[in-house]
>>> print(open('upload-v5.cif').read())   # mmCIF, C-alpha atoms
data_entry
loop_
_atom_site.label_atom_id
_atom_site.label_comp_id
_atom_site.auth_asym_id
_atom_site.auth_seq_id
_atom_site.Cartn_x
_atom_site.Cartn_y
_atom_site.Cartn_z
CA ALA Z 1214 0.00 0.00 0.00
CA GLU Z 1215 2.80 2.41 0.86
CA ARG Z 1216 4.58 1.65 -2.41
CA ARG Z 1217 1.42 2.45 -4.38
CA ALA Z 1218 0.83 5.62 -2.36
CA LEU Z 1219 4.36 6.87 -3.03
CA ALA Z 1220 4.04 6.08 -6.74
CA TRP Z 1221 0.77 8.00 -6.85
CA LEU Z 1222 2.34 10.94 -5.02
CA VAL Z 1223 5.24 11.17 -7.46
CA ALA Z 1224 2.82 10.93 -10.38
CA GLN Z 1225 1.03 14.07 -9.14
CA GLN Z 1226 4.20 16.18 -9.23
CA ALA Z 1227 4.00 19.07 -11.69
CA PRO Z 1228 6.69 19.56 -14.35
CA ASP Z 1229 8.21 22.46 -12.39
CA GLY Z 1230 8.83 20.18 -9.40
CA GLY Z 1231 6.00 21.43 -7.19
CA TRP Z 1232 2.60 20.00 -6.37
CA ASN Z 1233 -0.58 21.86 -7.26
CA ALA Z 1234 -2.82 22.60 -4.27
CA PRO Z 1235 -6.61 22.34 -4.54
CA GLN Z 1236 -6.81 25.65 -2.65
CA GLY Z 1237 -4.76 27.39 -5.34
CA LYS Z 1238 -1.24 28.63 -5.98
CA ASN Z 1239 -0.96 30.33 -2.59
CA HIS Z 1240 -0.58 26.91 -0.97
CA ARG Z 1241 1.73 25.25 -3.50
CA CYS Z 1242 4.90 25.61 -1.43
CA GLY Z 1243 3.26 24.16 1.66
CA LEU Z 1244 1.83 21.20 -0.21
CA THR Z 1245 5.14 20.67 -1.98
CA GLY Z 1246 6.85 20.68 1.40
CA LEU Z 1247 4.47 18.04 2.76
CA SER Z 1248 4.92 15.89 -0.34
CA LEU Z 1249 8.69 16.24 -0.15
CA LEU Z 1250 8.68 15.24 3.52
CA ALA Z 1251 6.69 12.12 2.67
CA LEU Z 1252 9.26 11.10 0.06
CA LEU Z 1253 12.25 11.93 2.24
CA ARG Z 1254 10.94 9.96 5.23
CA ALA Z 1255 9.70 6.94 3.29
CA ASP Z 1256 11.54 3.64 3.13
CA ALA Z 1257 13.89 4.16 0.17
CA SER Z 1258 13.18 0.65 -1.09
CA LEU Z 1259 9.52 1.58 -1.57
CA LEU Z 1260 10.12 4.69 -3.66
CA PRO Z 1261 9.36 4.47 -7.39
CA LYS Z 1262 12.33 4.41 -9.72
CA ASP Z 1263 12.08 8.16 -10.26
CA GLY Z 1264 11.64 8.88 -6.56
CA ASP Z 1265 15.09 10.38 -6.04
CA ALA Z 1266 14.64 12.57 -9.09
CA ALA Z 1267 11.28 13.71 -7.73
CA ILE Z 1268 12.94 14.71 -4.45
CA ARG Z 1269 15.53 16.80 -6.27
CA ARG Z 1270 12.91 18.45 -8.46
CA ALA Z 1271 10.84 19.34 -5.39
CA ALA Z 1272 13.82 20.82 -3.53
CA ARG Z 1273 14.83 22.87 -6.57
CA PHE Z 1274 11.25 24.14 -6.85
CA LEU Z 1275 11.28 25.36 -3.25
CA VAL Z 1276 14.63 27.07 -3.76
CA SER Z 1277 13.25 28.77 -6.87
CA GLU Z 1278 10.37 30.12 -4.77
CA LEU Z 1279 12.70 31.83 -2.29
CA GLN Z 1280 12.02 35.56 -2.24
CA PRO Z 1281 14.57 38.34 -1.53
CA ASP Z 1282 13.23 38.72 2.03
CA GLY Z 1283 13.65 34.99 2.71
CA ARG Z 1284 10.02 34.03 2.29
CA ILE Z 1285 9.35 30.77 0.43
CA GLY Z 1286 6.51 31.50 -1.96
CA ALA Z 1287 5.68 34.52 -4.08
CA THR Z 1288 2.47 35.31 -2.24
CA ASP Z 1289 1.17 37.70 0.38
CA HIS Z 1290 -1.56 35.27 1.39
CA PRO Z 1291 -2.05 35.36 5.19
CA GLN Z 1292 -1.33 31.63 5.49
CA VAL Z 1293 2.09 32.00 3.90
CA SER Z 1294 3.54 31.53 7.41
CA THR Z 1295 2.43 27.89 7.70
CA ASN Z 1296 3.32 27.09 4.10
CA HIS Z 1297 6.73 28.71 4.56
CA ALA Z 1298 7.49 26.72 7.71
CA ILE Z 1299 6.52 23.40 6.14
CA ALA Z 1300 8.58 24.20 3.03
CA LEU Z 1301 11.58 25.17 5.15
CA LEU Z 1302 11.35 21.96 7.18
CA ALA Z 1303 11.33 19.86 4.01
CA LEU Z 1304 14.06 21.87 2.29
CA SER Z 1305 16.34 21.54 5.33
CA GLU Z 1306 15.94 17.77 5.35
CA ALA Z 1307 16.57 17.56 1.60
CA ALA Z 1308 19.62 19.82 1.86
CA GLU Z 1309 21.18 17.71 4.59
CA ARG Z 1310 20.64 14.48 2.65
CA ALA Z 1311 21.93 15.83 -0.67
CA GLN Z 1312 24.66 18.05 0.79
CA GLU Z 1313 23.67 20.73 -1.71
CA ALA Z 1314 25.27 24.03 -0.71
CA SER Z 1315 22.70 26.16 -2.56
CA TRP Z 1316 19.85 24.39 -0.78
CA VAL Z 1317 21.53 24.92 2.58
CA GLU Z 1318 22.00 28.61 1.77
CA ALA Z 1319 18.33 28.95 0.83
CA ALA Z 1320 17.21 27.24 4.05
CA ILE Z 1321 19.35 29.56 6.16
CA LYS Z 1322 17.89 32.59 4.38
CA ALA Z 1323 14.37 31.22 4.92
CA THR Z 1324 15.10 30.81 8.63
CA GLU Z 1325 15.85 34.51 8.84
CA TRP Z 1326 12.33 35.21 7.56
CA CYS Z 1327 10.91 33.04 10.34
CA MET Z 1328 12.71 35.07 12.98
CA MET Z 1329 11.79 38.35 11.30
CA THR Z 1330 8.07 37.53 11.43
CA GLN Z 1331 7.96 36.45 15.09
CA ASN Z 1332 5.98 38.68 17.42
CA PRO Z 1333 8.34 40.45 19.86
CA TYR Z 1334 8.71 38.37 23.03
CA LYS Z 1335 5.91 36.09 21.83
CA ALA Z 1336 5.36 33.59 19.00
CA TRP Z 1337 3.78 33.41 15.53
CA ARG Z 1338 0.51 33.49 13.72
CA TYR Z 1339 -0.28 34.48 10.14
CA GLY Z 1340 1.77 37.22 8.54
CA VAL Z 1341 4.61 39.41 9.74
CA LYS Z 1342 4.47 40.24 13.46
CA PRO Z 1343 0.64 40.21 13.41
CA GLY Z 1344 0.38 40.85 17.15
CA ASP Z 1345 -1.60 37.70 17.96
CA ASN Z 1346 -0.30 34.14 18.26
CA ASP Z 1347 -1.51 30.58 17.83
CA SER Z 1348 -0.15 27.14 18.67
CA TYR Z 1349 -0.53 25.74 15.14
CA VAL Z 1350 1.67 28.18 13.20
CA THR Z 1351 4.06 28.45 16.15
CA SER Z 1352 4.61 24.67 16.29
CA TRP Z 1353 5.39 24.46 12.57
CA MET Z 1354 7.79 27.40 12.88
CA LEU Z 1355 9.57 25.77 15.82
CA LEU Z 1356 9.91 22.49 13.92
CA ALA Z 1357 11.27 24.24 10.84
CA ILE Z 1358 13.73 26.45 12.70
CA ARG Z 1359 15.07 23.53 14.71
CA ARG Z 1360 15.66 21.47 11.57
CA ALA Z 1361 17.38 24.39 9.87
CA THR Z 1362 19.75 24.87 12.82
CA GLN Z 1363 20.97 21.33 12.18
CA ILE Z 1364 22.35 22.40 8.79
CA GLY Z 1365 23.92 25.66 9.88
CA ALA Z 1366 21.17 28.22 10.56
CA THR Z 1367 21.47 30.23 13.75
CA THR Z 1368 18.77 31.51 16.05
CA ASP Z 1369 18.31 33.30 19.35
CA VAL Z 1370 17.50 30.73 22.03
CA THR Z 1371 15.78 33.42 24.07
CA ARG Z 1372 13.25 33.94 21.31
CA ILE Z 1373 12.62 30.20 21.13
CA ARG Z 1374 11.90 30.26 24.86
CA ASP Z 1375 9.50 33.14 24.24
CA ALA Z 1376 7.60 31.02 21.73
CA PHE Z 1377 7.37 28.05 24.08
CA GLY Z 1378 6.20 30.46 26.76
CA VAL Z 1379 3.17 31.23 24.60
CA ILE Z 1380 2.51 27.52 24.05
CA ASP Z 1381 2.82 26.92 27.79
CA SER Z 1382 0.24 29.63 28.41
CA TYR Z 1383 -2.18 27.82 26.06
CA THR Z 1384 -1.60 24.42 27.70
CA ASP Z 1385 -4.19 23.29 30.24
CA PRO Z 1386 -2.25 22.30 33.39
CA LEU Z 1387 -4.97 19.78 34.29
CA THR Z 1388 -5.34 17.92 30.98
CA GLY Z 1389 -2.29 18.86 28.89
CA VAL Z 1390 -4.58 19.82 25.99
CA VAL Z 1391 -3.19 22.76 24.01
CA GLY Z 1392 -5.61 25.44 22.88
CA TYR Z 1393 -5.38 27.02 19.46
CA TYR Z 1394 -5.04 30.63 20.59
CA MET Z 1395 -5.98 30.49 24.27
CA ARG Z 1396 -5.96 28.13 27.23
CA LYS Z 1397 -9.14 26.19 27.92
CA MET Z 1398 -9.15 24.83 31.44
CA GLY Z 1399 -10.75 21.44 31.93
CA SER Z 1400 -10.64 17.89 33.21
CA ILE Z 1401 -10.59 14.37 31.78
CA LYS Z 1402 -13.35 11.91 32.64
CA SER Z 1403 -12.88 8.22 31.92
CA ASP Z 1404 -15.76 6.09 30.67
CA GLY Z 1405 -14.60 3.36 33.06
CA ALA Z 1406 -14.04 0.85 30.29
CA GLY Z 1407 -10.75 2.04 28.90
CA GLY Z 1408 -12.44 3.69 25.94
CA TYR Z 1409 -13.03 7.30 24.97
CA VAL Z 1410 -12.99 10.02 27.57
CA THR Z 1411 -14.66 13.37 27.74
CA LEU Z 1412 -12.48 16.44 27.78
CA THR Z 1413 -14.50 19.13 29.50
CA SER Z 1414 -13.16 22.63 29.01
CA GLU Z 1415 -13.98 25.97 30.50
CA ARG Z 1416 -13.85 29.42 28.95
CA LEU Z 1417 -14.84 32.87 30.12
CA VAL Z 1418 -17.97 34.49 28.72
CA ASN Z 1419 -18.59 38.02 29.99
CA GLY Z 1420 -16.21 37.29 32.82
CA LYS Z 1421 -18.00 34.12 33.91
CA PRO Z 1422 -16.71 30.53 33.37
CA VAL Z 1423 -18.74 28.39 30.97
CA LYS Z 1424 -18.06 24.66 30.66
CA GLU Z 1425 -18.06 23.02 27.23
CA PRO Z 1426 -16.43 20.00 25.55
CA ALA Z 1427 -12.91 20.56 24.28
CA THR Z 1428 -13.02 20.50 20.51
CA HIS Z 1429 -11.36 17.64 18.68
CA VAL Z 1430 -9.31 20.23 16.82
CA GLU Z 1431 -7.65 21.25 20.09
CA VAL Z 1432 -6.80 17.65 20.93
CA ALA Z 1433 -5.44 17.23 17.40
CA LEU Z 1434 -3.15 20.24 17.91
CA THR Z 1435 -1.67 18.74 21.05
CA PRO Z 1436 0.53 16.11 19.31
CA LEU Z 1437 1.83 18.80 16.94
CA VAL Z 1438 2.98 20.76 19.97
CA LEU Z 1439 4.53 17.57 21.35
CA MET Z 1440 6.49 17.22 18.10
CA ALA Z 1441 7.85 20.73 18.57
CA ARG Z 1442 8.76 20.04 22.19
CA LYS Z 1443 10.59 16.85 21.19
CA ALA Z 1444 12.47 18.64 18.41
CA TRP Z 1445 13.81 21.15 20.94
CA ASP Z 1446 14.82 18.37 23.37
CA GLN Z 1447 12.16 19.03 25.99
CA ASP Z 1448 11.36 16.03 28.18
CA PRO Z 1449 8.71 15.07 30.78
CA VAL Z 1450 11.10 15.85 33.62
CA SER Z 1451 11.80 19.44 32.59
CA THR Z 1452 8.33 19.90 31.09
CA PRO Z 1453 5.72 18.03 33.17
CA SER Z 1454 2.87 18.97 30.82
CA ILE Z 1455 4.28 16.51 28.26
CA ARG Z 1456 2.98 13.52 30.23
CA LEU Z 1457 -0.45 15.10 30.51
CA SER Z 1458 -0.50 15.91 26.79
CA LEU Z 1459 0.42 12.32 25.90
CA LYS Z 1460 -2.41 11.02 28.11
CA ALA Z 1461 -4.88 13.41 26.48
CA VAL Z 1462 -3.89 12.25 22.99
CA ALA Z 1463 -4.13 8.58 24.00
CA ALA Z 1464 -7.53 9.23 25.57
CA SER Z 1465 -9.04 10.86 22.50
CA PRO Z 1466 -7.59 9.17 19.41
CA PRO Z 1467 -8.38 10.27 15.84
CA VAL Z 1468 -11.21 8.64 13.92
CA TRP Z 1469 -11.36 7.76 10.23
CA GLU Z 1470 -14.52 9.63 9.35
CA PHE Z 1471 -14.90 12.41 6.83
CA ASP Z 1472 -17.39 14.97 7.96
CA HIS Z 1473 -17.19 18.58 8.97
CA ASP Z 1474 -16.36 17.87 12.61
CA THR Z 1475 -13.58 15.31 12.07
CA MET Z 1476 -11.68 16.59 9.04
CA ALA Z 1477 -8.92 17.64 11.46
CA ASP Z 1478 -8.28 13.95 12.14
CA VAL Z 1479 -6.37 13.61 8.88
CA GLY Z 1480 -3.72 15.85 10.38
CA TYR Z 1481 -4.23 14.22 13.78
CA PHE Z 1482 -3.21 10.81 12.39
CA TYR Z 1483 0.02 12.34 11.10
CA PHE Z 1484 0.83 14.39 14.21
CA GLY Z 1485 -0.04 11.56 16.56
CA ALA Z 1486 2.01 8.99 14.67
CA GLU Z 1487 5.04 11.27 14.72
#
>>> encode(input="upload-v5.cif", output="structure tokens")
Amino acid sequence: AERRALAWLVAQQAPDGGWNAPQGKNHRCGLTGLSLLALLRADASLLPKDGDAAIRRAARFLVSELQPDGRIGATDHPQVSTNHAIALLALSEAAERAQEASWVEAAIKATEWCMMTQNPYKAWRYGVKPGDNDSYVTSWMLLAIRRATQIGATTDVTRIRDAFGVIDSYTDPLTGVVGYYMRKMGSIKSDGAGGYVTLTSERLVNGKPVKEPATHVEVALTPLVLMARKAWDQDPVSTPSIRLSLKAVAASPPVWEFDHDTMADVGYFYFGAE
């Protein structure tokens, strides 16, 4: 099955080396980054015969999309931040494998754009220093920056701590569930049979606490944050919330259903497996 999936993926690659996104050209670099990561991390014996060539074409495409300011992608679309981070992560991995100096140089330049767009003393969201933050964009940025430092990029550790400070502020100390752009306090209730649990959250409405179920999207974000914590060598001893986050993910696994409420589970399967 994996061999067929990889062959299909390579077959979808456009002549210029990128992948075309259903949402349009603004998302091409992000989708190309995801596709490149899939090829780079696959078992080499399962790649189609032109798999290595596809990897090189994809990396060259991302390099060709590097803008003078370090942004990957010739777009001002608000979601360029996520697409940029995913592209940088993939390009850094490709550069290390191929030992291509021009790819390394492009990744280092792209890392500078990441740092330039970070909110002062905070983290990231969409755009350049937008003022607000979220755990989704921030986690991708942290993953990308960390990977780029492994091929020569430099960064200010203090600013990385600032970003994790934002994530910590969004992490429920009782459940370990990470909110998208705010903390939602709550508790976990077992069904007594080792099955699903209910994550009950609390938010303020007109200054008063209102209880509600934690959304599945928030639980799906939690393993992405765990990936970022692992990349930066955080562990359960130094960061106790990691154990709680792992329990929350195990308690509310993704489901293979395609409706409006569970579309986030496609990403959840990926984040959780990582």
>>> atom_distance(input="upload-v5.cif", atom1="CA of Tyr1393 (chain Z)", atom2="CA of Ile1380 (chain Z)")
9.1 Å
>>> closest_residue(input="upload-v5.cif", among="Z:His1290, Z:Arg1374, Z:Arg1217, Z:Lys1443", to="Gln1236 (chain Z)", atoms="only C-alpha atoms")
Z:His1290
>>> resolve_selection(input="upload-v5.cif", expression="the PyMOL selection byres ((chain Z and resi 1330) around 6)", output="list in words")
Cys1327, Met1328, Met1329, Gln1331, Val1341 and Lys1342 of chain Z
>>> write_last_selection(input="upload-v5.cif", atoms="C-alpha atoms", output="CSV table (one decimal), in the coordinates of the input")
chain,number,residue,atom,x,y,z
Z,1327,CYS,CA,10.9,33.0,10.3
Z,1328,MET,CA,12.7,35.1,13.0
Z,1329,MET,CA,11.8,38.4,11.3
Z,1331,GLN,CA,8.0,36.4,15.1
Z,1341,VAL,CA,4.6,39.4,9.7
Z,1342,LYS,CA,4.5,40.2,13.5
>>> axis_aligned_box(input="upload-v5.cif", around="region 1352-1363 of chain Z", padding_each_side="3 Å", output="lines of an AutoDock Vina configuration file")
center_x = 12.8
center_y = 24.4
center_z = 13.1
size_x = 22.4
size_y = 12.1
size_z = 12.4
>>> resolve_selection(input="upload-v5.cif", expression="the PyMOL selection byres ((chain Z and resi 1320-1324) around 7)", output="ChimeraX atom specification")
/Z:1283-1285,1301,1304-1305,1316-1319,1325-1328,1358,1361,1366
>>> atom_distance(input="upload-v5.cif", atom1="CA of Ala1464 (chain Z)", atom2="CA of Thr1388 (chain Z)")
10.5 Å
>>> closest_residue(input="upload-v5.cif", among="Z:Ala1224, Z:Leu1259, Z:Ala1218, Z:Leu1302", to="Leu1247 (chain Z)", atoms="all atoms listed in the file")
Z:Leu1302
>>> atom_distance(input="upload-v5.cif", atom1="CA of Asp1369 (chain Z)", atom2="CA of Trp1337 (chain Z)")
15.0 Å
>>> resolve_selection(input="upload-v5.cif", expression="the PyMOL selection byres ((chain Z and resi 1231) around 6)", output="list in words")
Gln1226, Ala1227, Asp1229, Gly1230, Trp1232, Thr1245, Ala1271 and Phe1274 of chain Z
>>> write_last_selection(input="upload-v5.cif", atoms="C-alpha atoms", output="mmCIF file, keeping the file's coordinate frame")
data_model
loop_
_atom_site.group_PDB
_atom_site.id
_atom_site.type_symbol
_atom_site.label_atom_id
_atom_site.label_comp_id
_atom_site.auth_asym_id
_atom_site.auth_seq_id
_atom_site.Cartn_x
_atom_site.Cartn_y
_atom_site.Cartn_z
ATOM 1 C CA GLN Z 1226 4.200 16.180 -9.230
ATOM 2 C CA ALA Z 1227 4.000 19.070 -11.690
ATOM 3 C CA ASP Z 1229 8.210 22.460 -12.390
ATOM 4 C CA GLY Z 1230 8.830 20.180 -9.400
ATOM 5 C CA TRP Z 1232 2.600 20.000 -6.370
ATOM 6 C CA THR Z 1245 5.140 20.670 -1.980
ATOM 7 C CA ALA Z 1271 10.840 19.340 -5.390
ATOM 8 C CA PHE Z 1274 11.250 24.140 -6.850
#
>>> closest_residue(input="upload-v5.cif", among="Z:Val1391, Z:Val1438, Z:Val1379, Z:Leu1219", to="Ser1258 (chain Z)", atoms="all atoms listed in the file")
Z:Leu1219
>>> closest_residue(input="upload-v5.cif", among="Z:Gly1237, Z:Gly1485, Z:Gly1378, Z:Gly1243", to="Ser1465 (chain Z)", atoms="all atoms listed in the file")
Z:Gly1485
>>> decode(input="upload-v5.cif", residues="region 1225-1298 of chain Z", atoms="C-alpha atoms", output="PDB file, in the first residue's frame")
ATOM      1  CA  GLN Z1225       1.032  14.066  -9.136  1.00  0.00           C
ATOM      2  CA  GLN Z1226       4.196  16.183  -9.230  1.00  0.00           C
ATOM      3  CA  ALA Z1227       4.003  19.066 -11.693  1.00  0.00           C
ATOM      4  CA  PRO Z1228       6.688  19.558 -14.347  1.00  0.00           C
ATOM      5  CA  ASP Z1229       8.214  22.459 -12.390  1.00  0.00           C
ATOM      6  CA  GLY Z1230       8.825  20.176  -9.396  1.00  0.00           C
ATOM      7  CA  GLY Z1231       5.998  21.429  -7.189  1.00  0.00           C
ATOM      8  CA  TRP Z1232       2.598  20.004  -6.375  1.00  0.00           C
ATOM      9  CA  ASN Z1233      -0.581  21.862  -7.259  1.00  0.00           C
ATOM     10  CA  ALA Z1234      -2.820  22.599  -4.266  1.00  0.00           C
ATOM     11  CA  PRO Z1235      -6.614  22.337  -4.540  1.00  0.00           C
ATOM     12  CA  GLN Z1236      -6.812  25.649  -2.654  1.00  0.00           C
ATOM     13  CA  GLY Z1237      -4.764  27.394  -5.340  1.00  0.00           C
ATOM     14  CA  LYS Z1238      -1.243  28.627  -5.980  1.00  0.00           C
ATOM     15  CA  ASN Z1239      -0.965  30.330  -2.588  1.00  0.00           C
ATOM     16  CA  HIS Z1240      -0.581  26.907  -0.967  1.00  0.00           C
ATOM     17  CA  ARG Z1241       1.729  25.252  -3.496  1.00  0.00           C
ATOM     18  CA  CYS Z1242       4.898  25.614  -1.433  1.00  0.00           C
ATOM     19  CA  GLY Z1243       3.262  24.161   1.663  1.00  0.00           C
ATOM     20  CA  LEU Z1244       1.826  21.197  -0.206  1.00  0.00           C
ATOM     21  CA  THR Z1245       5.140  20.667  -1.981  1.00  0.00           C
ATOM     22  CA  GLY Z1246       6.848  20.678   1.405  1.00  0.00           C
ATOM     23  CA  LEU Z1247       4.474  18.039   2.763  1.00  0.00           C
ATOM     24  CA  SER Z1248       4.921  15.885  -0.335  1.00  0.00           C
ATOM     25  CA  LEU Z1249       8.692  16.235  -0.155  1.00  0.00           C
ATOM     26  CA  LEU Z1250       8.684  15.239   3.521  1.00  0.00           C
ATOM     27  CA  ALA Z1251       6.691  12.120   2.672  1.00  0.00           C
ATOM     28  CA  LEU Z1252       9.262  11.102   0.060  1.00  0.00           C
ATOM     29  CA  LEU Z1253      12.254  11.929   2.242  1.00  0.00           C
ATOM     30  CA  ARG Z1254      10.945   9.964   5.229  1.00  0.00           C
ATOM     31  CA  ALA Z1255       9.703   6.942   3.292  1.00  0.00           C
ATOM     32  CA  ASP Z1256      11.536   3.643   3.128  1.00  0.00           C
ATOM     33  CA  ALA Z1257      13.893   4.162   0.170  1.00  0.00           C
ATOM     34  CA  SER Z1258      13.184   0.648  -1.093  1.00  0.00           C
ATOM     35  CA  LEU Z1259       9.523   1.583  -1.573  1.00  0.00           C
ATOM     36  CA  LEU Z1260      10.122   4.694  -3.663  1.00  0.00           C
ATOM     37  CA  PRO Z1261       9.361   4.467  -7.393  1.00  0.00           C
ATOM     38  CA  LYS Z1262      12.334   4.412  -9.725  1.00  0.00           C
ATOM     39  CA  ASP Z1263      12.083   8.159 -10.262  1.00  0.00           C
ATOM     40  CA  GLY Z1264      11.639   8.877  -6.557  1.00  0.00           C
ATOM     41  CA  ASP Z1265      15.086  10.377  -6.044  1.00  0.00           C
ATOM     42  CA  ALA Z1266      14.637  12.571  -9.088  1.00  0.00           C
ATOM     43  CA  ALA Z1267      11.276  13.714  -7.732  1.00  0.00           C
ATOM     44  CA  ILE Z1268      12.943  14.707  -4.455  1.00  0.00           C
ATOM     45  CA  ARG Z1269      15.532  16.796  -6.266  1.00  0.00           C
ATOM     46  CA  ARG Z1270      12.909  18.448  -8.460  1.00  0.00           C
ATOM     47  CA  ALA Z1271      10.843  19.341  -5.389  1.00  0.00           C
ATOM     48  CA  ALA Z1272      13.816  20.815  -3.530  1.00  0.00           C
ATOM     49  CA  ARG Z1273      14.829  22.868  -6.566  1.00  0.00           C
ATOM     50  CA  PHE Z1274      11.251  24.137  -6.855  1.00  0.00           C
ATOM     51  CA  LEU Z1275      11.277  25.358  -3.246  1.00  0.00           C
ATOM     52  CA  VAL Z1276      14.632  27.067  -3.755  1.00  0.00           C
ATOM     53  CA  SER Z1277      13.255  28.765  -6.872  1.00  0.00           C
ATOM     54  CA  GLU Z1278      10.369  30.118  -4.775  1.00  0.00           C
ATOM     55  CA  LEU Z1279      12.704  31.832  -2.289  1.00  0.00           C
ATOM     56  CA  GLN Z1280      12.015  35.564  -2.242  1.00  0.00           C
ATOM     57  CA  PRO Z1281      14.572  38.340  -1.530  1.00  0.00           C
ATOM     58  CA  ASP Z1282      13.231  38.721   2.026  1.00  0.00           C
ATOM     59  CA  GLY Z1283      13.648  34.991   2.712  1.00  0.00           C
ATOM     60  CA  ARG Z1284      10.017  34.030   2.293  1.00  0.00           C
ATOM     61  CA  ILE Z1285       9.353  30.773   0.427  1.00  0.00           C
ATOM     62  CA  GLY Z1286       6.512  31.498  -1.960  1.00  0.00           C
ATOM     63  CA  ALA Z1287       5.680  34.523  -4.081  1.00  0.00           C
ATOM     64  CA  THR Z1288       2.471  35.312  -2.244  1.00  0.00           C
ATOM     65  CA  ASP Z1289       1.174  37.699   0.378  1.00  0.00           C
ATOM     66  CA  HIS Z1290      -1.565  35.270   1.391  1.00  0.00           C
ATOM     67  CA  PRO Z1291      -2.048  35.363   5.187  1.00  0.00           C
ATOM     68  CA  GLN Z1292      -1.334  31.631   5.488  1.00  0.00           C
ATOM     69  CA  VAL Z1293       2.094  31.999   3.905  1.00  0.00           C
ATOM     70  CA  SER Z1294       3.538  31.531   7.409  1.00  0.00           C
ATOM     71  CA  THR Z1295       2.429  27.893   7.695  1.00  0.00           C
ATOM     72  CA  ASN Z1296       3.323  27.094   4.101  1.00  0.00           C
ATOM     73  CA  HIS Z1297       6.732  28.710   4.562  1.00  0.00           C
ATOM     74  CA  ALA Z1298       7.488  26.722   7.715  1.00  0.00           C
TER      75      ALA Z1298
END
